[in-house]
$ cat query-v6.txt   # compact mmCIF, C-alpha atoms
# COMPACT_ATOMS: atom_id res chain seq x y z
CA MET H 7 -1.33 5.33 -21.08
CA THR H 8 -2.98 2.40 -22.83
CA LYS H 9 -6.41 2.80 -24.43
CA PRO H 10 -9.18 2.00 -21.96
CA THR H 11 -10.88 -1.25 -22.82
CA GLY H 12 -13.76 -3.01 -21.14
CA ILE H 13 -15.99 0.08 -20.84
CA THR H 14 -19.00 -1.59 -22.39
CA SER H 15 -21.87 0.27 -20.73
CA VAL H 16 -22.70 3.66 -19.24
CA GLU H 17 -22.78 1.98 -15.83
CA MET H 18 -19.27 0.65 -16.34
CA LEU H 19 -18.10 4.11 -17.35
CA LEU H 20 -19.72 5.65 -14.28
CA ALA H 21 -18.13 3.01 -12.03
CA HIS H 22 -14.75 4.02 -13.40
CA VAL H 23 -15.14 7.79 -13.14
CA HIS H 24 -16.71 7.51 -9.69
CA THR H 25 -13.71 5.54 -8.43
CA MET H 26 -11.35 7.98 -10.16
CA ALA H 27 -12.88 10.96 -8.40
CA SER H 28 -13.27 9.35 -5.00
CA GLU H 29 -9.78 7.81 -4.86
CA SER H 30 -8.19 11.00 -6.09
CA GLY H 31 -10.05 13.03 -3.46
CA GLU H 32 -9.07 10.60 -0.70
CA ARG H 33 -5.42 10.77 -1.77
CA TYR H 34 -5.46 14.58 -1.65
CA ASP H 35 -7.00 14.41 1.79
CA GLU H 36 -4.24 12.04 2.96
CA MET H 37 -1.58 14.30 1.46
CA ALA H 38 -3.06 17.34 3.19
CA GLU H 39 -2.80 15.44 6.48
CA GLN H 40 0.82 14.52 5.75
CA MET H 41 1.68 18.15 5.09
CA GLU H 42 -0.10 19.33 8.24
CA LEU H 43 1.87 16.78 10.27
CA HIS H 44 5.08 18.21 8.82
CA ASN H 45 4.05 21.82 9.45
CA ASN H 46 3.79 22.59 5.76
CA GLU H 47 0.54 24.54 6.00
CA ARG H 48 0.79 26.10 2.54
CA ALA H 49 0.99 22.77 0.75
CA ALA H 50 -1.71 21.36 3.05
CA ARG H 51 -4.10 24.15 2.02
CA CYS H 52 -3.44 23.40 -1.66
CA PHE H 53 -4.22 19.72 -1.14
CA ARG H 54 -7.42 20.67 0.71
CA ASP H 55 -8.44 22.87 -2.24
CA LEU H 56 -7.79 19.97 -4.61
CA ASN H 57 -9.81 17.66 -2.37
CA ARG H 58 -12.76 20.10 -2.57
CA LEU H 59 -12.44 20.20 -6.35
CA GLU H 60 -12.58 16.40 -6.49
CA LYS H 61 -15.57 16.31 -4.15
CA ALA H 62 -17.46 18.71 -6.41
CA GLY H 63 -16.63 16.46 -9.38
CA LEU H 64 -17.78 13.44 -7.40
CA LYS H 65 -21.14 15.13 -6.76
CA ARG H 66 -21.61 15.73 -10.48
CA ILE H 67 -20.88 12.05 -11.17
CA GLU H 68 -23.22 10.91 -8.40
CA ALA H 69 -26.01 12.91 -10.02
CA HIS H 70 -25.54 10.82 -13.17
CA ILE H 71 -25.43 7.61 -11.14
CA ALA H 72 -28.76 8.25 -9.37
CA GLY H 73 -31.17 5.39 -10.10
CA ARG H 74 -28.58 3.18 -11.78
CA GLU H 75 -26.95 0.07 -10.40
CA LEU H 76 -23.20 0.10 -10.97
CA PRO H 77 -21.17 -3.07 -11.50
CA LYS H 78 -19.02 -4.10 -8.56
CA LEU H 79 -15.39 -4.24 -9.59
CA ALA H 80 -12.34 -5.35 -7.64
CA PRO H 81 -9.59 -2.68 -7.53
CA TRP H 82 -7.53 -4.64 -10.09
CA ASP H 83 -10.46 -5.10 -12.48
CA PHE H 84 -10.62 -1.44 -13.52
CA ALA H 85 -9.41 -0.61 -17.02
CA TRP H 86 -6.84 1.94 -15.90
CA GLY H 87 -3.91 0.47 -17.79
CA GLU H 88 -1.78 1.82 -14.93
CA ALA H 89 -1.16 0.98 -11.30
CA GLU H 90 -3.84 3.37 -10.02
CA ALA H 91 -6.75 5.43 -11.32
CA PRO H 92 -5.36 8.07 -13.72
CA CYS H 93 -6.41 11.13 -11.68
CA THR H 94 -4.78 9.81 -8.50
CA LEU H 95 -1.56 11.48 -7.49
CA SER H 96 1.11 8.87 -6.73
CA VAL H 97 2.19 8.60 -3.08
CA PHE H 98 5.74 9.17 -4.29
CA GLU H 99 4.97 12.63 -5.75
CA VAL H 100 5.20 14.46 -2.45
CA HIS H 101 7.99 16.00 -0.42
CA TYR H 102 7.65 17.37 3.09
CA MET H 103 8.93 20.79 1.95
CA MET H 104 7.02 20.97 -1.33
CA ARG H 105 5.59 24.32 -2.37
CA PRO H 106 2.16 25.17 -3.83
CA HIS H 107 3.76 25.24 -7.27
CA HIS H 108 4.86 21.61 -6.87
CA VAL H 109 1.44 20.59 -5.59
CA PHE H 110 -0.48 22.14 -8.47
CA SER H 111 2.02 20.98 -11.10
CA ALA H 112 1.67 17.38 -9.94
CA ALA H 113 -2.11 17.69 -9.62
CA LEU H 114 -2.39 19.18 -13.11
CA LYS H 115 -0.43 16.29 -14.58
CA ALA H 116 -2.69 13.78 -12.79
CA LYS H 117 -5.86 15.61 -13.80
CA LYS H 118 -4.84 15.79 -17.42
CA CYS H 119 -4.20 12.08 -17.31
CA GLY H 120 -7.75 11.50 -16.04
CA TYR H 121 -9.13 13.86 -18.67
CA GLY H 122 -7.25 11.95 -21.39
CA PHE H 123 -8.64 8.66 -20.09
CA ILE H 124 -12.26 9.84 -20.43
CA ARG H 125 -11.70 11.55 -23.79
CA ASP H 126 -10.18 8.30 -25.07
CA ILE H 127 -13.37 6.48 -24.12
CA GLU H 128 -15.46 9.17 -25.82
CA ASN H 129 -13.40 8.93 -28.99
CA SER H 130 -13.07 5.16 -29.17
CA THR H 131 -16.54 3.87 -28.26
CA SER H 132 -19.11 2.93 -30.84
CA ASP H 133 -21.93 3.24 -28.30
CA ASP H 134 -23.79 6.58 -28.51
CA ALA H 135 -24.93 6.54 -24.88
CA ILE H 136 -21.39 5.89 -23.60
CA ARG H 137 -20.01 8.59 -25.91
CA ALA H 138 -22.55 11.17 -24.70
CA MET H 139 -21.91 10.41 -21.03
CA ALA H 140 -18.12 10.39 -21.52
CA LYS H 141 -18.35 13.79 -23.25
CA THR H 142 -20.41 15.28 -20.39
CA ILE H 143 -17.97 13.99 -17.79
CA ALA H 144 -14.87 14.94 -19.77
CA ASP H 145 -16.22 18.49 -20.15
CA GLY H 146 -16.52 18.73 -16.36
CA VAL H 147 -13.00 17.35 -15.86
CA GLY H 148 -11.77 19.79 -18.50
CA ASN H 149 -13.12 22.65 -16.37
CA ASP H 150 -11.21 21.23 -13.41
CA VAL H 151 -8.04 21.17 -15.51
CA ARG H 152 -8.50 24.89 -16.23
CA THR H 153 -9.14 25.62 -12.55
CA ILE H 154 -5.87 23.91 -11.56
CA GLU H 155 -4.06 25.76 -14.34
CA LYS H 156 -5.26 29.06 -12.85
CA TRP H 157 -4.12 28.02 -9.37
CA LEU H 158 -0.75 27.01 -10.78
CA LEU H 159 -0.34 30.38 -12.47
CA LYS H 160 -0.87 32.12 -9.13
CA ALA H 161 1.72 29.93 -7.36
CA THR H 162 5.23 31.32 -7.29
CA GLU H 163 7.80 29.11 -8.94
CA PRO H 164 10.15 27.84 -6.21
CA GLY H 165 13.82 28.69 -6.24
CA GLU H 166 16.58 26.16 -6.73
CA ASN H 167 17.08 25.49 -3.03
CA TRP H 168 13.45 25.01 -2.10
CA ASP H 169 14.24 21.72 -0.34
CA GLU H 170 17.13 23.02 1.74
CA ASP H 171 16.49 22.00 5.33
CA PRO H 172 18.86 23.32 8.03
CA ASP H 173 17.93 20.36 10.21
CA PRO H 174 17.43 17.49 7.73
CA PRO H 175 15.94 14.20 8.89
CA THR H 176 18.96 12.37 7.48
CA LEU H 177 21.39 14.11 9.85
CA PRO H 178 22.88 11.47 12.19
CA GLU H 179 22.29 12.28 15.86
CA MET Z 30 -29.20 -6.21 3.89
CA THR Z 31 -25.98 -5.25 5.68
CA SER Z 32 -24.04 -2.37 4.22
CA GLN Z 33 -20.67 -2.96 2.61
CA LEU Z 34 -17.55 -2.02 4.54
CA THR Z 35 -15.45 0.62 2.80
CA VAL Z 36 -11.81 1.70 2.94
CA LYS Z 37 -12.76 4.40 5.45
CA ASP Z 38 -14.27 1.79 7.78
CA TYR Z 39 -10.96 -0.04 8.04
CA LYS Z 40 -8.91 3.09 8.72
CA SER Z 41 -8.50 4.40 12.24
CA SER Z 42 -8.63 8.09 13.18
CA ILE Z 43 -4.88 8.12 13.88
CA LYS Z 44 -2.94 9.88 11.14
CA PRO Z 45 0.24 8.20 9.86
CA VAL Z 46 3.49 9.94 10.81
CA TRP Z 47 5.55 8.46 7.97
CA CYS Z 48 7.61 10.80 5.81
CA PRO Z 49 5.60 12.21 2.91
CA GLY Z 50 6.39 10.09 -0.14
CA CYS Z 51 6.96 6.93 1.94
CA GLY Z 52 5.84 3.73 0.22
CA ASP Z 53 4.16 2.54 3.41
CA PHE Z 54 1.22 4.90 2.75
CA ALA Z 55 0.49 2.89 -0.38
CA VAL Z 56 0.84 -0.41 1.48
CA LEU Z 57 -1.73 0.81 4.03
CA SER Z 58 -3.99 1.59 1.10
CA SER Z 59 -3.46 -1.89 -0.39
CA ILE Z 60 -4.26 -3.54 2.94
CA THR Z 61 -7.51 -1.59 3.33
CA LYS Z 62 -8.48 -2.34 -0.27
CA ALA Z 63 -7.83 -6.05 0.30
CA LEU Z 64 -9.95 -6.00 3.46
CA VAL Z 65 -12.77 -4.25 1.58
CA GLU Z 66 -12.59 -6.87 -1.14
CA LEU Z 67 -12.81 -9.67 1.42
CA GLN Z 68 -15.43 -7.80 3.50
CA LEU Z 69 -13.90 -9.21 6.67
CA PRO Z 70 -15.65 -7.97 9.81
CA LYS Z 71 -13.26 -5.59 11.59
CA GLU Z 72 -13.56 -7.52 14.82
CA ASP Z 73 -12.38 -10.69 13.07
CA VAL Z 74 -9.08 -9.19 11.91
CA ALA Z 75 -5.94 -8.69 13.99
CA VAL Z 76 -2.82 -6.94 12.71
CA ILE Z 77 0.36 -7.71 14.64
CA SER Z 78 3.63 -5.87 14.20
CA GLY Z 79 7.11 -5.45 15.64
CA ILE Z 80 9.17 -2.28 15.62
CA GLY Z 81 10.02 0.10 12.81
CA CYS Z 82 8.31 2.53 10.46
CA SER Z 83 6.19 -0.18 8.82
CA SER Z 84 5.26 -1.67 12.18
CA ARG Z 85 3.17 1.42 12.93
CA ILE Z 86 0.47 0.04 10.65
CA PRO Z 87 -1.78 -1.54 13.33
CA ALA Z 88 -2.41 1.93 14.77
CA TYR Z 89 -3.69 3.17 11.44
CA LEU Z 90 -6.19 0.38 11.00
CA ASP Z 91 -9.50 0.10 12.82
CA THR Z 92 -9.12 -3.63 13.41
CA TYR Z 93 -7.60 -5.34 16.42
CA GLY Z 94 -3.89 -4.69 16.56
CA PHE Z 95 -0.78 -5.30 18.62
CA HIS Z 96 2.40 -3.26 18.23
CA GLY Z 97 4.81 -5.74 19.75
CA VAL Z 98 8.51 -5.91 20.46
CA HIS Z 99 11.30 -5.83 17.90
CA GLY Z 100 11.40 -8.89 15.64
CA ARG Z 101 8.83 -10.80 17.65
CA SER Z 102 5.66 -10.09 15.68
CA LEU Z 103 5.50 -13.61 14.24
CA ALA Z 104 5.80 -15.19 17.69
CA LEU Z 105 2.91 -13.05 18.94
CA ALA Z 106 0.85 -13.72 15.84
CA THR Z 107 1.45 -17.47 16.02
CA GLY Z 108 0.20 -17.56 19.60
CA LEU Z 109 -2.82 -15.50 18.70
CA LYS Z 110 -3.77 -17.58 15.66
CA LEU Z 111 -3.38 -20.88 17.52
CA SER Z 112 -5.57 -19.72 20.37
CA ARG Z 113 -8.09 -17.83 18.23
CA PRO Z 114 -8.15 -19.71 14.90
CA GLU Z 115 -11.29 -17.92 13.76
CA LEU Z 116 -9.38 -14.64 13.42
CA THR Z 117 -7.68 -13.47 10.24
CA VAL Z 118 -4.20 -12.58 11.43
CA LEU Z 119 -2.01 -10.24 9.40
CA VAL Z 120 1.55 -9.59 10.46
CA ALA Z 121 3.31 -6.38 9.41
CA SER Z 122 7.05 -5.93 9.48
CA GLY Z 123 10.02 -4.30 7.82
CA ASP Z 124 13.25 -5.75 6.47
CA GLY Z 125 15.20 -5.00 9.65
CA ASP Z 126 12.51 -6.15 12.08
CA GLY Z 127 11.57 -9.16 9.96
CA PHE Z 128 14.85 -10.45 8.57
CA SER Z 129 17.46 -9.43 11.14
CA ILE Z 130 16.05 -9.24 14.64
CA GLY Z 131 13.14 -11.47 13.66
CA GLY Z 132 15.00 -13.63 11.14
CA ASN Z 133 14.82 -16.74 13.26
CA HIS Z 134 11.08 -16.35 13.78
CA PHE Z 135 10.63 -15.88 10.04
CA MET Z 136 12.17 -19.27 9.21
CA HIS Z 137 10.25 -21.14 11.86
CA ALA Z 138 6.94 -19.46 11.10
CA ALA Z 139 7.34 -20.59 7.50
CA ARG Z 140 8.26 -24.09 8.69
CA ARG Z 141 5.28 -24.32 11.04
CA ASN Z 142 2.92 -23.06 8.35
CA VAL Z 143 0.44 -21.50 10.75
CA ASP Z 144 -2.30 -19.68 8.84
CA LEU Z 145 -0.85 -16.15 8.90
CA THR Z 146 -0.26 -13.51 6.26
CA TYR Z 147 3.18 -11.98 6.74
CA ILE Z 148 3.59 -8.61 5.00
CA VAL Z 149 7.13 -7.28 4.97
CA MET Z 150 7.64 -3.73 3.71
CA ASP Z 151 11.14 -3.93 2.35
CA ASN Z 152 13.04 -0.67 1.82
CA ARG Z 153 16.48 -2.17 2.35
CA VAL Z 154 17.33 0.23 5.18
CA TYR Z 155 16.62 0.90 8.85
CA GLY Z 156 14.67 4.14 8.35
CA MET Z 157 13.43 4.76 11.88
CA THR Z 158 16.93 4.70 13.34
CA LYS Z 159 18.35 6.94 10.60
CA GLY Z 160 19.65 4.85 7.79
CA GLN Z 161 21.70 1.85 8.86
CA PRO Z 162 21.95 -1.01 6.34
CA SER Z 163 19.53 -3.88 6.82
CA PRO Z 164 19.82 -7.55 5.77
CA THR Z 165 18.44 -6.72 2.31
CA THR Z 166 20.71 -3.70 1.66
CA GLU Z 167 22.88 -3.99 -1.43
CA ALA Z 168 26.56 -4.68 -0.66
CA ASP Z 169 27.68 -1.52 -2.47
CA TRP Z 170 25.10 0.94 -1.06
CA ASP Z 171 27.28 3.89 -0.15
CA SER Z 172 26.04 6.12 2.68
CA ALA Z 173 27.34 8.35 5.48
CA LEU Z 174 26.98 5.49 7.95
CA THR Z 175 28.45 2.81 5.66
CA PRO Z 176 31.07 4.46 3.44
CA GLY Z 177 31.65 2.26 0.42
CA GLY Z 178 28.66 0.11 1.32
CA PRO Z 179 28.13 -2.64 3.90
CA GLY Z 180 30.11 -5.05 1.71
CA VAL Z 181 27.88 -7.95 2.69
CA ARG Z 182 25.76 -9.99 0.34
CA PRO Z 183 22.04 -9.18 0.83
CA PHE Z 184 19.57 -11.73 2.06
CA ASN Z 185 16.87 -12.95 -0.36
CA PRO Z 186 13.70 -13.32 1.72
CA LEU Z 187 11.80 -15.19 -0.98
CA VAL Z 188 14.44 -17.90 -1.06
CA ILE Z 189 14.25 -18.32 2.71
CA ALA Z 190 10.44 -18.35 2.73
CA LEU Z 191 10.30 -20.99 0.03
CA ALA Z 192 13.07 -23.15 1.49
CA ALA Z 193 11.58 -23.00 4.98
CA GLY Z 194 8.16 -24.15 3.79
CA ALA Z 195 5.91 -21.10 3.38
CA ASN Z 196 2.74 -22.05 1.55
CA PHE Z 197 2.44 -18.81 -0.44
CA VAL Z 198 5.32 -16.63 -1.54
CA ALA Z 199 4.88 -13.36 -3.44
CA ARG Z 200 6.44 -9.99 -4.07
CA GLY Z 201 4.59 -6.71 -4.60
CA PHE Z 202 5.47 -3.07 -5.08
CA SER Z 203 3.89 -0.30 -3.05
CA GLY Z 204 3.58 1.83 -6.18
CA ASP Z 205 1.18 -0.77 -7.56
CA VAL Z 206 -1.55 -0.28 -4.96
CA ASN Z 207 -4.20 -2.35 -6.72
CA GLY Z 208 -1.84 -5.13 -7.77
CA THR Z 209 -0.57 -5.42 -4.21
CA ALA Z 210 -4.14 -5.50 -2.88
CA ARG Z 211 -4.77 -8.47 -5.15
CA LEU Z 212 -1.66 -10.26 -3.85
CA LEU Z 213 -2.85 -9.68 -0.29
CA VAL Z 214 -6.31 -11.07 -1.05
CA ASP Z 215 -4.68 -14.19 -2.52
CA ALA Z 216 -2.30 -14.44 0.44
CA ILE Z 217 -5.11 -14.17 2.99
CA ASN Z 218 -7.24 -16.68 1.08
CA THR Z 219 -4.43 -19.23 0.91
CA PRO Z 220 -4.38 -21.40 4.06
CA GLY Z 221 -1.06 -21.61 5.87
CA PHE Z 222 1.84 -19.23 6.11
CA SER Z 223 1.71 -16.64 3.34
CA PHE Z 224 4.68 -14.38 2.81
CA VAL Z 225 4.39 -11.17 0.81
CA GLU Z 226 7.47 -9.01 0.40
CA ILE Z 227 6.44 -5.50 -0.65
CA LEU Z 228 9.11 -3.26 -2.12
CA SER Z 229 8.31 0.00 -0.35
CA PRO Z 230 10.70 2.91 -1.00
CA CYS Z 231 12.20 4.93 1.83
CA VAL Z 232 12.32 8.38 0.24
CA THR Z 233 14.34 9.87 3.10
CA PHE Z 234 17.28 7.47 3.43
CA ARG Z 235 17.04 5.73 0.06
CA PRO Z 236 15.99 8.47 -2.39
CA ASP Z 237 17.50 6.27 -5.12
CA GLN Z 238 14.50 3.96 -4.61
CA ARG Z 239 12.26 6.53 -6.31
CA GLU Z 240 13.62 4.86 -9.44
CA TRP Z 241 11.81 1.64 -8.50
CA LYS Z 242 8.72 3.15 -10.09
CA LYS Z 243 10.44 2.72 -13.46
CA GLN Z 244 12.35 -0.47 -12.66
CA VAL Z 245 9.78 -2.72 -10.99
CA HIS Z 246 7.94 -4.96 -13.41
CA ARG Z 247 5.39 -7.75 -13.27
CA ALA Z 248 6.86 -11.26 -13.45
CA SER Z 249 6.38 -12.71 -16.88
CA VAL Z 250 5.64 -16.23 -15.67
CA GLU Z 251 2.63 -17.70 -13.93
CA PRO Z 252 2.72 -18.80 -10.27
CA THR Z 253 3.58 -22.40 -9.63
CA ASP Z 254 2.67 -25.00 -7.01
CA ASP Z 255 5.96 -26.79 -7.61
CA PRO Z 256 8.61 -25.62 -5.10
CA ALA Z 257 11.46 -26.88 -7.31
CA ARG Z 258 10.24 -24.76 -10.21
CA ALA Z 259 9.81 -21.76 -7.93
CA ALA Z 260 13.35 -22.28 -6.62
CA ARG Z 261 14.74 -22.35 -10.17
CA ARG Z 262 12.96 -19.07 -10.89
CA LEU Z 263 14.59 -17.51 -7.86
CA MET Z 264 18.02 -18.38 -9.24
CA THR Z 265 17.46 -15.72 -11.92
CA ASP Z 266 15.48 -13.30 -9.71
CA ASP Z 267 16.41 -9.65 -10.29
CA GLY Z 268 14.68 -8.67 -7.04
CA LEU Z 269 12.40 -6.24 -8.83
CA ASN Z 270 9.77 -8.47 -10.41
CA THR Z 271 6.37 -8.76 -8.78
CA GLY Z 272 3.67 -11.38 -8.58
CA VAL Z 273 2.97 -14.72 -6.94
CA LEU Z 274 6.03 -16.94 -7.04
CA TYR Z 275 4.62 -20.00 -5.30
CA ALA Z 276 1.19 -21.09 -4.08
CA GLY Z 277 1.20 -24.52 -2.47
CA SER Z 278 -1.34 -26.72 -0.76
CA ARG Z 279 0.42 -27.82 2.42
CA PRO Z 280 -2.16 -28.03 5.24
CA PRO Z 281 -1.64 -25.36 7.92
CA TYR Z 282 -0.55 -26.26 11.42
CA GLN Z 283 -3.50 -25.86 13.76
CA PRO Z 284 -3.58 -28.15 16.80
CA ALA Z 285 -6.92 -28.90 18.39
CA LEU Z 286 -7.80 -26.34 21.02
CA ARG Z 287 -7.73 -27.44 24.63
CA LYS Z 288 -10.86 -27.03 26.67
CA THR Z 289 -11.16 -23.42 27.87
CA VAL Z 290 -10.48 -22.99 31.56
CA ASP Z 291 -12.94 -20.55 33.06
CA ASN Z 292 -12.18 -21.15 36.72
CA PRO Z 293 -9.08 -19.22 37.88
CA ASP Z 294 -8.52 -21.74 40.69
CA VAL Z 295 -7.33 -24.24 38.07
CA PHE Z 296 -4.52 -21.87 37.12
CA THR Z 297 -3.69 -21.15 40.74
CA LYS Z 298 -3.15 -24.87 41.34
CA GLN Z 299 -1.30 -25.39 38.04
CA PHE Z 300 1.22 -22.61 38.62
CA ALA Z 301 1.63 -22.95 42.40
CA ILE Z 302 5.28 -23.25 43.41
$ encode --input "query-v6.txt" --output "structure tokens"
Amino acid sequence: MTKPTGITSVEMLLAHVHTMASESGERYDEMAEQMELHNNERAARCFRDLNRLEKAGLKRIEAHIAGRELPKLAPWDFAWGEAEAPCTLSVFEVHYMMRPHHVFSAALKAKKCGYGFIRDIENSTSDDAIRAMAKTIADGVGNDVRTIEKWLLKATEPGENWDEDPDPPTLPE
Amino acid sequence: MTSQLTVKDYKSSIKPVWCPGCGDFAVLSSITKALVELQLPKEDVAVISGIGCSSRIPAYLDTYGFHGVHGRSLALATGLKLSRPELTVLVASGDGDGFSIGGNHFMHAARRNVDLTYIVMDNRVYGMTKGQPSPTTEADWDSALTPGGPGVRPFNPLVIALAAGANFVARGFSGDVNGTARLLVDAINTPGFSFVEILSPCVTFRPDQREWKKQVHRASVEPTDDPARAARRLMTDDGLNTGVLYAGSRPPYQPALRKTVDNPDVFTKQFAI
């Protein structure tokens, strides 16, 4: 990931982390729906748990935003350095038969990416107010990382044939 | 002050039935982000589609929509735009629907240059009907249905769009949600026929396309308004670079509207045998 540039005010930082949390939560919600549609209830529940975690993070960020006016940025104006916000799980990371272990592994990777993004801002800025806010937010995201790590530990590692489907969608009719 | 429309406002309550991991989820996200950016009133947007996985998109958007017949989305959209020019008309298609069954409409829509934005989600396979090769499938793509590959040279949709007269020609990648949203905003804002091919992996029948995430790259050159220059660029196109290839300034085709007939007797007389 490239170093975040363009975070020149606390408001700009908050605009970024707010979008990170909200887009990540929305993506988890969409993935939960996908799993429900494919009768993968276990994975759906995991995505719902992750969505709740993101919502709680979003509330913490909104408390910092209260009373401030955030800059309006187009989706491509954010300083992600990647195609999407760093906490957002890619649409390609899912499989209709994925297990909780897959879900939490992918979510942990995404969350750590988001955590790294905010820590980079904290460590690279010369502005005290931005550094203090980045530290507060990164500490919260760090707690989320540990929560996902605990969930991952509880999830059984899937066997080699976890994606074996006796009636695969690719079977010609 | 009116409140800003958000991504949620543009999404319908119908949940997509695409395979998990399908690139079309990301395209849906890019479309909603583009609409948010443009703040287009929902009632002023119509999304027209044909048949195929990607053509389900109108159902997932809370705008006007029409899920039409196979390959005929551009014909429907052209009629709509000419009769209701105030609408923003998006057309959604796939590589089979758009380039095979609807290939003829594609050329003539580009030639007519009606103000439409044509979004083709290209996964180089017929996914809905279980994996037959499409016009953009590589000649050597080996599968159960085409052992050894179709053996036919694939079609380059950007070449056809440019040669037939499209006013805006671009390629995006579904994995680049924000970059694709930007292309769509530019496409919608450019008058005339805008064509955006979006590489959108089919994880079920083309699992090899998961590699696109590593292979797709942004084009290293700026867009041009010179069709000859754009054509020369296409001669060395690797099919995996994204960005705006061509943005022209040809005026769109929009004939003056005839006076609206509000008395049904006029039609009765006109169509009497």
$ atom_distance --input "query-v6.txt" --atom1 "CA of Gln238 (chain Z)" --atom2 "CA of Gly50 (chain Z)"
11.1 Å
$ closest_atom_pairs --input "query-v6.txt" --of "region 111-155 of chain H" --to "region 68-71 of chain H" --cutoff "10 Å" --atoms "all atoms listed in the file" --output "CSV"
residue,atom,partner,partner_atom,distance
H:Met139,CA,H:His70,CA,8.7
H:Thr142,CA,H:His70,CA,9.9
H:Ile143,CA,H:His70,CA,9.4
$ interface_residues --input "query-v6.txt" --of "chain Z" --to "chain H" --cutoff "9 Å" --atoms "all atoms listed in the file" --output "PyMOL selection string"
chain Z and resi 44-52+54-55+62-63+66+159-160+173-174+204-208+210-211+230+232-234+239+242
$ write_last_selection --input "query-v6.txt" --atoms "C-alpha atoms" --output "PDB file, in the frame of the given file"
ATOM      1  CA  LYS Z  44      -2.940   9.880  11.140  1.00  0.00           C
ATOM      2  CA  PRO Z  45       0.240   8.200   9.860  1.00  0.00           C
ATOM      3  CA  VAL Z  46       3.490   9.940  10.810  1.00  0.00           C
ATOM      4  CA  TRP Z  47       5.550   8.460   7.970  1.00  0.00           C
ATOM      5  CA  CYS Z  48       7.610  10.800   5.810  1.00  0.00           C
ATOM      6  CA  PRO Z  49       5.600  12.210   2.910  1.00  0.00           C
ATOM      7  CA  GLY Z  50       6.390  10.090  -0.140  1.00  0.00           C
ATOM      8  CA  CYS Z  51       6.960   6.930   1.940  1.00  0.00           C
ATOM      9  CA  GLY Z  52       5.840   3.730   0.220  1.00  0.00           C
ATOM     10  CA  PHE Z  54       1.220   4.900   2.750  1.00  0.00           C
ATOM     11  CA  ALA Z  55       0.490   2.890  -0.380  1.00  0.00           C
ATOM     12  CA  LYS Z  62      -8.480  -2.340  -0.270  1.00  0.00           C
ATOM     13  CA  ALA Z  63      -7.830  -6.050   0.300  1.00  0.00           C
ATOM     14  CA  GLU Z  66     -12.590  -6.870  -1.140  1.00  0.00           C
ATOM     15  CA  LYS Z 159      18.350   6.940  10.600  1.00  0.00           C
ATOM     16  CA  GLY Z 160      19.650   4.850   7.790  1.00  0.00           C
ATOM     17  CA  ALA Z 173      27.340   8.350   5.480  1.00  0.00           C
ATOM     18  CA  LEU Z 174      26.980   5.490   7.950  1.00  0.00           C
ATOM     19  CA  GLY Z 204       3.580   1.830  -6.180  1.00  0.00           C
ATOM     20  CA  ASP Z 205       1.180  -0.770  -7.560  1.00  0.00           C
ATOM     21  CA  VAL Z 206      -1.550  -0.280  -4.960  1.00  0.00           C
ATOM     22  CA  ASN Z 207      -4.200  -2.350  -6.720  1.00  0.00           C
ATOM     23  CA  GLY Z 208      -1.840  -5.130  -7.770  1.00  0.00           C
ATOM     24  CA  ALA Z 210      -4.140  -5.500  -2.880  1.00  0.00           C
ATOM     25  CA  ARG Z 211      -4.770  -8.470  -5.150  1.00  0.00           C
ATOM     26  CA  PRO Z 230      10.700   2.910  -1.000  1.00  0.00           C
ATOM     27  CA  VAL Z 232      12.320   8.380   0.240  1.00  0.00           C
ATOM     28  CA  THR Z 233      14.340   9.870   3.100  1.00  0.00           C
ATOM     29  CA  PHE Z 234      17.280   7.470   3.430  1.00  0.00           C
ATOM     30  CA  ARG Z 239      12.260   6.530  -6.310  1.00  0.00           C
ATOM     31  CA  LYS Z 242       8.720   3.150 -10.090  1.00  0.00           C
TER      32      LYS Z 242
END
$ residues_around --input "query-v6.txt" --residues "region 154-170 of chain H" --least-positions-apart "6" --cutoff "8 Å" --atoms "all atoms listed in the file" --output "list of chain:residue names"
H:Met103, H:Met104, H:Arg105, H:Pro106, H:His107, H:Phe110, H:Ser111, H:Ala113, H:Leu114
$ atom_distance --input "query-v6.txt" --atom1 "CA of Ala139 (chain Z)" --atom2 "CA of Leu228 (chain Z)"
19.9 Å
$ residues_around --input "query-v6.txt" --residues "Pro114 (chain Z)" --least-positions-apart "2" --cutoff "10 Å" --atoms "all atoms listed in the file" --output "list of chain:residue names"
Z:Thr107, Z:Gly108, Z:Leu109, Z:Lys110, Z:Leu111, Z:Ser112, Z:Leu116, Z:Thr117, Z:Val118, Z:Val143, Z:Asp144, Z:Gln283, Z:Pro284, Z:Ala285, Z:Leu286
